[in-house]
>>> print(open('structure_17.txt').read())   # compact mmCIF, N, CA and C atoms and all ligand atoms
# COMPACT_ATOMS: atom_id res chain seq x y z
N MET A 302 0.84 -1.20 0.00
CA MET A 302 0.00 0.00 0.00
C MET A 302 0.88 1.25 0.00
N TYR A 303 0.52 2.20 -0.85
CA TYR A 303 1.28 3.45 -0.86
C TYR A 303 0.91 4.33 0.32
N VAL A 304 1.94 4.82 0.97
CA VAL A 304 1.72 5.77 2.06
C VAL A 304 1.84 7.18 1.48
N CYS A 305 2.89 7.37 0.70
CA CYS A 305 3.15 8.68 0.12
C CYS A 305 3.05 8.59 -1.39
N LEU A 306 2.00 9.16 -1.93
CA LEU A 306 1.79 9.11 -3.38
C LEU A 306 2.73 10.04 -4.12
N CYS A 307 3.03 11.16 -3.54
CA CYS A 307 3.92 12.13 -4.20
C CYS A 307 5.28 11.50 -4.51
N LYS A 308 5.78 10.75 -3.55
CA LYS A 308 7.12 10.16 -3.70
C LYS A 308 7.07 8.67 -4.01
N GLY A 309 5.87 8.11 -4.10
CA GLY A 309 5.72 6.69 -4.40
C GLY A 309 6.34 5.78 -3.35
N ILE A 310 6.07 6.09 -2.09
CA ILE A 310 6.66 5.31 -1.01
C ILE A 310 5.60 4.38 -0.41
N THR A 311 5.97 3.10 -0.33
CA THR A 311 5.03 2.12 0.20
C THR A 311 5.23 1.95 1.71
N GLU A 312 4.21 1.35 2.31
CA GLU A 312 4.27 1.07 3.74
C GLU A 312 5.46 0.16 4.04
N ARG A 313 5.68 -0.82 3.15
CA ARG A 313 6.80 -1.75 3.32
C ARG A 313 8.14 -1.01 3.32
N GLN A 314 8.30 -0.07 2.38
CA GLN A 314 9.55 0.70 2.31
C GLN A 314 9.76 1.51 3.58
N LEU A 315 8.65 2.08 4.06
CA LEU A 315 8.70 2.91 5.26
C LEU A 315 9.12 2.06 6.47
N ARG A 316 8.48 0.91 6.61
CA ARG A 316 8.81 0.03 7.75
C ARG A 316 10.25 -0.46 7.65
N ALA A 317 10.73 -0.74 6.44
CA ALA A 317 12.11 -1.19 6.26
C ALA A 317 13.08 -0.08 6.67
N ALA A 318 12.78 1.15 6.27
CA ALA A 318 13.66 2.27 6.60
C ALA A 318 13.69 2.51 8.11
N ILE A 319 12.56 2.31 8.77
CA ILE A 319 12.51 2.47 10.23
C ILE A 319 13.36 1.38 10.88
N ALA A 320 13.23 0.15 10.36
CA ALA A 320 14.01 -0.98 10.89
C ALA A 320 15.50 -0.76 10.71
N GLU A 321 15.87 0.01 9.69
CA GLU A 321 17.29 0.30 9.44
C GLU A 321 17.82 1.40 10.35
N GLY A 322 16.97 1.90 11.24
CA GLY A 322 17.45 2.88 12.22
C GLY A 322 16.94 4.29 12.05
N ASN A 323 16.09 4.51 11.04
CA ASN A 323 15.51 5.86 10.87
C ASN A 323 14.27 5.96 11.76
N THR A 324 14.52 6.20 13.03
CA THR A 324 13.43 6.14 14.00
C THR A 324 12.79 7.50 14.29
N GLU A 325 13.24 8.52 13.56
CA GLU A 325 12.61 9.84 13.72
C GLU A 325 12.05 10.27 12.37
N PHE A 326 10.97 11.03 12.42
CA PHE A 326 10.33 11.43 11.17
C PHE A 326 11.28 12.17 10.24
N LYS A 327 12.07 13.07 10.82
CA LYS A 327 12.98 13.87 9.98
C LYS A 327 14.00 12.98 9.25
N GLN A 328 14.37 11.87 9.88
CA GLN A 328 15.30 10.94 9.22
C GLN A 328 14.61 10.26 8.04
N LEU A 329 13.35 9.88 8.24
CA LEU A 329 12.60 9.24 7.15
C LEU A 329 12.41 10.21 5.99
N LYS A 330 12.17 11.45 6.34
CA LYS A 330 11.97 12.48 5.33
C LYS A 330 13.25 12.65 4.52
N CYS A 331 14.37 12.68 5.21
CA CYS A 331 15.67 12.81 4.58
C CYS A 331 15.97 11.61 3.70
N GLU A 332 15.74 10.44 4.25
CA GLU A 332 16.08 9.18 3.59
C GLU A 332 15.20 8.88 2.38
N LEU A 333 13.88 9.02 2.56
CA LEU A 333 12.94 8.61 1.51
C LEU A 333 12.23 9.78 0.82
N GLY A 334 12.17 10.89 1.52
CA GLY A 334 11.44 12.04 0.97
C GLY A 334 9.98 12.04 1.37
N VAL A 335 9.61 11.13 2.28
CA VAL A 335 8.21 11.07 2.72
C VAL A 335 7.78 12.41 3.36
N GLY A 336 6.63 12.88 2.94
CA GLY A 336 6.10 14.12 3.50
C GLY A 336 6.77 15.38 2.99
N SER A 337 7.58 15.25 1.95
CA SER A 337 8.32 16.44 1.50
C SER A 337 7.60 17.23 0.40
N GLN A 338 6.42 16.74 -0.03
CA GLN A 338 5.69 17.53 -1.02
C GLN A 338 4.38 18.05 -0.46
N CYS A 339 3.28 17.33 -0.69
CA CYS A 339 1.99 17.87 -0.23
C CYS A 339 1.79 17.74 1.27
N GLY A 340 2.45 16.76 1.88
CA GLY A 340 2.36 16.58 3.32
C GLY A 340 1.17 15.77 3.79
N LYS A 341 0.33 15.31 2.87
CA LYS A 341 -0.88 14.56 3.25
C LYS A 341 -0.55 13.23 3.92
N CYS A 342 0.61 12.69 3.59
CA CYS A 342 0.98 11.39 4.12
C CYS A 342 1.56 11.47 5.53
N VAL A 343 1.84 12.66 6.00
CA VAL A 343 2.52 12.80 7.29
C VAL A 343 1.80 12.09 8.44
N PRO A 344 0.48 12.29 8.62
CA PRO A 344 -0.19 11.60 9.74
C PRO A 344 -0.08 10.08 9.66
N VAL A 345 -0.23 9.53 8.46
CA VAL A 345 -0.14 8.07 8.30
C VAL A 345 1.30 7.60 8.56
N ALA A 346 2.25 8.33 8.01
CA ALA A 346 3.66 7.96 8.21
C ALA A 346 4.03 8.04 9.69
N MET A 347 3.52 9.05 10.37
CA MET A 347 3.79 9.21 11.81
C MET A 347 3.19 8.04 12.59
N ALA A 348 2.00 7.61 12.19
CA ALA A 348 1.33 6.50 12.88
C ALA A 348 2.12 5.21 12.69
N ILE A 349 2.63 4.98 11.48
CA ILE A 349 3.43 3.78 11.21
C ILE A 349 4.72 3.84 12.02
N LEU A 350 5.32 5.02 12.06
CA LEU A 350 6.55 5.22 12.83
C LEU A 350 6.32 4.92 14.31
N ALA A 351 5.23 5.44 14.85
CA ALA A 351 4.92 5.21 16.27
C ALA A 351 4.71 3.73 16.54
N GLU A 352 4.03 3.07 15.60
CA GLU A 352 3.77 1.64 15.74
C GLU A 352 5.07 0.84 15.76
N GLU A 353 5.97 1.18 14.82
CA GLU A 353 7.25 0.47 14.75
C GLU A 353 8.12 0.77 15.96
N ASN A 354 8.13 2.02 16.39
CA ASN A 354 8.95 2.39 17.54
C ASN A 354 8.43 1.73 18.82
N ALA A 355 7.13 1.48 18.88
CA ALA A 355 6.54 0.84 20.06
C ALA A 355 6.94 -0.62 20.16
N LYS A 356 7.34 -1.21 19.03
CA LYS A 356 7.73 -2.62 19.00
C LYS A 356 9.10 -2.83 19.63
N THR A 357 9.94 -1.78 19.58
CA THR A 357 11.32 -1.96 20.05
C THR A 357 11.51 -1.51 21.48
FE1 LIG A 401 3.56 12.30 0.74
FE2 LIG A 401 2.36 14.08 -0.80
S1 LIG A 401 1.69 12.11 -0.30
S2 LIG A 401 4.19 14.31 0.32
>>> encode(input="structure_17.txt", output="structure tokens")
Amino acid sequence: MYVCLCKGITERQLRAAIAEGNTEFKQLKCELGVGSQCGKCVPVAMAILAEENAKT
């Protein structure tokens, strides 16, 4: 499922990037570009990030 349509980023890519140590939103933005255009994906990306961070 696409999380960020502007940058074509999938949920899987996002979770993989978080697992690689990008545990802050700004790191994900830097790494993948998520949320760097329209910003509509930010709430969903933040929710996925919180979910992944809660696992560790
Ligand atoms: Fe992610 Fe637009 S959908 S920046």
>>> residues_near_ligand(input="structure_17.txt", ligand="ligand LIG 401 (chain A)", cutoff="6 Å", atoms="only N, CA and C atoms and all ligand atoms", output="list of chain:residue names")
A:Val304, A:Cys305, A:Leu306, A:Cys307, A:Lys308, A:Val335, A:Gly336, A:Ser337, A:Gln338, A:Cys339, A:Gly340, A:Lys341, A:Cys342, A:Val343
>>> select_by_dssp(input="structure_17.txt", residues="chain A", states="strand (DSSP E)", output="ChimeraX atom specification")
/A:303-305,310-311
>>> atom_distance(input="structure_17.txt", atom1="atom CA of A:Gly334", atom2="atom C of A:Thr357")
24.6 Å
>>> atom_distance(input="structure_17.txt", atom1="atom N of A:Ala346", atom2="atom C of A:Ile310")
9.9 Å
>>> select_by_dssp(input="structure_17.txt", residues="chain A", states="alpha helix (DSSP H)", output="PyMOL selection string")
chain A and resi 312-320+326-333+343-356
>>> atom_distance(input="structure_17.txt", atom1="atom CA of A:Ala318", atom2="atom N of A:Ala348")
14.0 Å
>>> residues_around(input="structure_17.txt", residues="A:Glu312", least_positions_apart="4", cutoff="5 Å", atoms="only N, CA and C atoms", output="number ranges by chain")
A: 302-304, 316
>>> axis_aligned_box(input="structure_17.txt", around="stretch 341-351 of chain A", padding_each_side="5 Å", output="JSON")
{"center_x": 2.8, "center_y": 9.5, "center_z": 9.7, "size_x": 17.4, "size_y": 21.6, "size_z": 23.7}
>>> closest_residue(input="structure_17.txt", among="A:Glu332, A:Thr324, A:Gln314, A:Gly309", to="A:Lys356", atoms="only C-alpha atoms")
A:Thr324
>>> residues_near_point(input="structure_17.txt", point="(8.9, 10.5, 9.2)", cutoff="6.5 Å", atoms="all atoms listed in the file", output="mmCIF file with N, CA and C atoms, in the coordinates of the input")
data_model
loop_
_atom_site.group_PDB
_atom_site.id
_atom_site.type_symbol
_atom_site.label_atom_id
_atom_site.label_comp_id
_atom_site.auth_asym_id
_atom_site.auth_seq_id
_atom_site.Cartn_x
_atom_site.Cartn_y
_atom_site.Cartn_z
ATOM 1 N N GLU A 325 13.240 8.520 13.560
ATOM 2 C CA GLU A 325 12.610 9.840 13.720
ATOM 3 C C GLU A 325 12.050 10.270 12.370
ATOM 4 N N PHE A 326 10.970 11.030 12.420
ATOM 5 C CA PHE A 326 10.330 11.430 11.170
ATOM 6 C C PHE A 326 11.280 12.170 10.240
ATOM 7 N N LYS A 327 12.070 13.070 10.820
ATOM 8 C CA LYS A 327 12.980 13.870 9.980
ATOM 9 C C LYS A 327 14.000 12.980 9.250
ATOM 10 N N GLN A 328 14.370 11.870 9.880
ATOM 11 C CA GLN A 328 15.300 10.940 9.220
ATOM 12 C C GLN A 328 14.610 10.260 8.040
ATOM 13 N N LEU A 329 13.350 9.880 8.240
ATOM 14 C CA LEU A 329 12.600 9.240 7.150
ATOM 15 C C LEU A 329 12.410 10.210 5.990
ATOM 16 N N LYS A 330 12.170 11.450 6.340
ATOM 17 C CA LYS A 330 11.970 12.480 5.330
ATOM 18 C C LYS A 330 13.250 12.650 4.520
ATOM 19 N N VAL A 335 9.610 11.130 2.280
ATOM 20 C CA VAL A 335 8.210 11.070 2.720
ATOM 21 C C VAL A 335 7.780 12.410 3.360
ATOM 22 N N ALA A 346 2.250 8.330 8.010
ATOM 23 C CA ALA A 346 3.660 7.960 8.210
ATOM 24 C C ALA A 346 4.030 8.040 9.690
ATOM 25 N N MET A 347 3.520 9.050 10.370
ATOM 26 C CA MET A 347 3.790 9.210 11.810
ATOM 27 C C MET A 347 3.190 8.040 12.590
#
